[in-house]
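Heads up: the structure comes next, in structure tokens.
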Amino acid sequence: MKVKVAILGCSGRMGRNLIQAAVEHKSIELVGGSVRKGSSFEDFDLGELAGIGAIGKQTSTDLQALAAADVLIDFTAIESTLEHLKWCQQHKKALVIGTTGFSEPQIEIIQTAAKTMPVILAPNTSVGVNLLFKLLEVTAKAIGDYTDIEIFEAHHRFKKDAPSGTAMKMGQVIADTLGRDLNKVAVYGREGITDERDGNTIGFATIRAGDIVGEHTAYFADLGERIELTHKASSRMTFALGAMRAAFWLSEAEAGFYDMQDVLGLKD
Ligand SMILES: NC(=O)C1=CN([C@@H]2O[C@H](COP(=O)(O)OP(=O)(O)OC[C@H]3O[C@@H](n4cnc5c(N)ncnc54)[C@H](OP(=O)(O)O)[C@@H]3O)[C@@H](O)[C@H]2O)C=CC1
Ligand SMILES: O=C(O)C1=N[C@H](C(=O)O)C[C@H](O)C1
């Protein structure tokens, strides 16, 4: 039987890719999608919105129109995701969250809700980035204690949060592996007389330019050699397909707080 899925925030860059991925997925039935109240895309055909031709299902600003869904997928914005979370909890729906930029207290709100509903929170739903997280763990374990660790990320000009959710998670994975507290060792950008580099720190550098879909590199640099682990996304469809995998997996999960490592079987 197909998993019934609804997409939140259908008019967004990810929303449109998610519609296409859901329509093309053999084990998923797209039952509806939302747009923000006041959006000019209200009552729009979902397929038209995604550029794949009409599919006979319309966007709605009323979440009740999505009541037939088992799993909702949310790549929107912080405040709207937290609203959607409440609705899903009240209506016993599972929720895949791809939105990034949450503060620690906001993540705690999501974790608390996940005690009574299945939730995946994944700053990056691509298979490649989640494999990269594993490679970071292995590399940090082997050489992280004596190399300089820096994380670089590049995204399109429209992105609102920085560093990206993926870069933050990369830092978290490395800090956890090395037993460091990311809040204490993170350095976000450098300017002026910065003094010599403190070997304990994890640096973050961000650029925003044009239509870059998403690029992430972790540097583990010693004197004489360095390792660079890079992921480059060239299409948002990679995130959308990963989100479908996540929705399918979550439809069979108990209440709990999960990530893509659970979905892909990459947890130790
Ligand atoms: N986890 C992952 O793999 C990925 C995560 N992301 C993250 O996903 C999020 C969205 O990214 P992107 O698609 O590029 O951003 P967009 O700005 O293109 O899309 C966000 C969409 O959310 C809509 N929205 C806002 N509030 C509501 C609401 N209450 N109800 C319904 N829709 C709403 C906006 O509508 P409107 O336009 O009308 O304001 C907009 O269409 C970001 O946080 C980004 O970092 C992005 C790519 C991959
Ligand atoms: O906003 C984006 O576009 C992306 N956001 C995610 C993040 O913040 O890590 C994932 C991806 O790189 C694209």
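Within each chain, counting starts at residue 1; across the structure tokens, chains are named A, B, ... in the order shown, with ligands numbered 1 upward in that order.
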
All residues having an atom within 7 Å of ligand 2 (only C-alpha atoms and all ligand atoms) as a PyMOL selection string: chain A and resi 100+123-124+155-156+159+161+164-167+213-215

Show me which residues sit within 6 Å of ligand 1 when counting only C-alpha atoms and all ligand atoms, and put them as a compact mmCIF listing (two decimals) with N, CA and C atoms, in the first residue's frame.
# COMPACT_ATOMS: atom_id res chain seq x y z
N LEU A 8 4.16 20.56 2.78
CA LEU A 8 3.90 21.88 3.36
C LEU A 8 4.80 22.90 2.63
N GLY A 9 4.26 24.06 2.35
CA GLY A 9 5.07 25.09 1.67
C GLY A 9 5.36 24.75 0.22
N SER A 11 4.97 26.24 -2.60
CA SER A 11 5.45 27.20 -3.60
C SER A 11 6.94 27.50 -3.45
N GLY A 12 7.58 26.92 -2.47
CA GLY A 12 9.00 27.18 -2.25
C GLY A 12 9.89 26.41 -3.22
N ARG A 13 11.18 26.75 -3.21
CA ARG A 13 12.13 26.04 -4.08
C ARG A 13 12.09 24.55 -3.79
N MET A 14 12.15 24.19 -2.50
CA MET A 14 12.09 22.77 -2.15
C MET A 14 10.68 22.22 -2.33
N GLY A 15 9.66 23.02 -1.99
CA GLY A 15 8.28 22.56 -2.11
C GLY A 15 7.99 22.02 -3.51
N SER A 34 0.20 22.44 1.13
CA SER A 34 -0.22 23.74 1.68
C SER A 34 0.63 24.87 1.11
N VAL A 35 0.04 26.06 1.14
CA VAL A 35 0.80 27.29 0.95
C VAL A 35 0.41 28.24 2.09
N ARG A 36 1.24 29.26 2.29
CA ARG A 36 1.01 30.24 3.35
C ARG A 36 -0.30 31.00 3.13
N SER A 39 -1.11 33.59 0.26
CA SER A 39 -0.24 33.29 -0.89
C SER A 39 -1.01 33.40 -2.19
N PHE A 75 9.61 21.69 4.43
CA PHE A 75 10.83 22.45 4.16
C PHE A 75 10.34 23.89 3.99
N THR A 76 10.07 24.59 5.09
CA THR A 76 9.52 25.94 4.97
C THR A 76 10.41 26.95 5.69
N ALA A 77 9.99 27.34 6.88
CA ALA A 77 10.72 28.35 7.66
C ALA A 77 10.48 28.04 9.14
N SER A 80 6.89 28.67 10.79
CA SER A 80 5.83 27.85 10.20
C SER A 80 6.05 26.37 10.54
N GLY A 98 12.74 19.37 7.10
CA GLY A 98 14.00 19.69 6.42
C GLY A 98 14.43 21.12 6.67
N THR A 99 13.54 21.92 7.27
CA THR A 99 13.84 23.32 7.57
C THR A 99 15.10 23.41 8.44
N THR A 100 15.90 24.46 8.22
CA THR A 100 17.13 24.63 9.01
C THR A 100 17.10 25.95 9.78
N ALA A 122 16.16 16.69 9.80
CA ALA A 122 17.36 16.44 8.99
C ALA A 122 17.75 17.71 8.24
N PRO A 123 18.87 18.33 8.61
CA PRO A 123 19.28 19.55 7.90
C PRO A 123 19.69 19.28 6.47
N ASN A 124 19.89 18.01 6.15
CA ASN A 124 20.22 17.66 4.76
C ASN A 124 19.72 16.24 4.51
N THR A 125 18.82 16.09 3.54
CA THR A 125 18.22 14.78 3.30
C THR A 125 18.90 14.03 2.16
N PHE A 239 17.76 16.35 -2.55
CA PHE A 239 17.16 16.54 -1.21
C PHE A 239 15.72 15.99 -1.21

All strand (DSSP E or B) residues (DSSP, backbone) inside region 50-89 of chain A, as number ranges by chain: A: 58-60, 71-74

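The gap separating CA of Met117 (chain A) from CA of Asp45 (chain A) is 29.7 Å, in Å to one decimal.
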
Glu225 (chain A) surroundings by only C-alpha atoms, 12 Å radius, close-in-sequence under 3 positions cut, as a PyMOL selection string: chain A and resi 143+147-148+219-222+228

Computed interatomic separation between CA of Lys26 (chain A) and CA of Leu63 (chain A) (Å): 24.8 Å

d(CA of His25 (chain A), CA of Lys2 (chain A)) in Å: 9.6 Å

Per-residue DSSP, region 42-146 of chain A, filtered to helix (DSSP H, G or I), as an MDAnalysis selection string: chainID A and resid 46:50 63:66 78:90 104:113 127:143

Proximity to Thr217 (chain A) - best of A:Leu136, A:Leu66, A:Gly256, A:Gly199, only C-alpha atoms: A:Leu136

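Of the listed residues (A:Leu182, A:Val138, A:Ala162, A:Ala54), A:Ala162 comes nearest to Phe102 (chain A); the distances count only C-alpha atoms.
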
Nearby residues (only C-alpha atoms) at most 8 Å from Gln20 (chain A), same-chain spacing under 6 positions excluded, as an MDAnalysis selection string: chainID A and resid 47 50 52

Those residues with C-alpha atoms, as a PDB file, in the first residue's frame please?
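selection-v8.pdb, freshly written:
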ATOM      1  CA  GLY A  47       1.559  19.522 -10.615  1.00  0.00           C
ATOM      2  CA  ALA A  50       6.029  21.819  -9.870  1.00  0.00           C
ATOM      3  CA  ILE A  52       5.086  18.697 -14.399  1.00  0.00           C
TER       4      ILE A  52
END

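Remark: for Met244 (chain A), the closest of the candidate residues A:Leu72, A:Leu132, A:Ala65, A:Ile55 is A:Leu72 (distances computed over only C-alpha atoms).
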
All residues 8 Å or closer to Leu250 (chain A), only C-alpha atoms, same chain fewer than 5 positions away omitted, as an MDAnalysis selection string: chainID A and resid 71 94:96 118:120 263

Would you mind exporting N, CA and C atoms of the selected residues as a PDB file, in the first residue's frame?
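out18.pdb was written with the following content:
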ATOM      1  N   VAL A  71       1.933  11.140   6.516  1.00  0.00           N
ATOM      2  CA  VAL A  71       3.209  11.830   6.775  1.00  0.00           C
ATOM      3  C   VAL A  71       3.194  13.194   6.068  1.00  0.00           C
ATOM      4  N   ALA A  94       2.818  11.912  11.226  1.00  0.00           N
ATOM      5  CA  ALA A  94       4.279  11.919  11.287  1.00  0.00           C
ATOM      6  C   ALA A  94       4.786  13.124  10.488  1.00  0.00           C
ATOM      7  N   LEU A  95       5.961  13.628  10.876  1.00  0.00           N
ATOM      8  CA  LEU A  95       6.474  14.849  10.226  1.00  0.00           C
ATOM      9  C   LEU A  95       7.962  14.719   9.887  1.00  0.00           C
ATOM     10  N   VAL A  96       8.276  14.969   8.620  1.00  0.00           N
ATOM     11  CA  VAL A  96       9.685  15.061   8.184  1.00  0.00           C
ATOM     12  C   VAL A  96      10.024  16.544   8.095  1.00  0.00           C
ATOM     13  N   PRO A 118       6.039  10.478  15.540  1.00  0.00           N
ATOM     14  CA  PRO A 118       7.307  10.241  14.837  1.00  0.00           C
ATOM     15  C   PRO A 118       7.768  11.504  14.101  1.00  0.00           C
ATOM     16  N   VAL A 119       9.010  11.917  14.354  1.00  0.00           N
ATOM     17  CA  VAL A 119       9.573  13.118  13.707  1.00  0.00           C
ATOM     18  C   VAL A 119      10.985  12.831  13.192  1.00  0.00           C
ATOM     19  N   ILE A 120      11.237  13.231  11.969  1.00  0.00           N
ATOM     20  CA  ILE A 120      12.629  13.248  11.478  1.00  0.00           C
ATOM     21  C   ILE A 120      13.037  14.709  11.352  1.00  0.00           C
ATOM     22  N   VAL A 263      17.202   6.590   8.923  1.00  0.00           N
ATOM     23  CA  VAL A 263      16.550   6.205   7.661  1.00  0.00           C
ATOM     24  C   VAL A 263      17.496   5.363   6.801  1.00  0.00           C
TER      25      VAL A 263
END

Shell of 12 Å around Arg245 (chain A), only C-alpha atoms, local chain residues under 4 positions omitted, as a ChimeraX atom specification: /A:3,5,18,21-22,25-28,71,73,96,120,125-127,238-241,249-252,259-265

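If you count only C-alpha atoms and ignore residues fewer than 4 places along the chain from Gly53 (chain A), what sits within 12 Å of it is Ile19, Gln20, Val23, Phe44, Asp45, Leu46, Gly47, Glu48, Leu49 and Lys57 of chain A.
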
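The smallest atom-to-atom distance between Gly171 (chain A) and any of A:Glu29, A:Glu137, A:Asp198, A:Asp145, using only C-alpha atoms, is found for A:Glu137.
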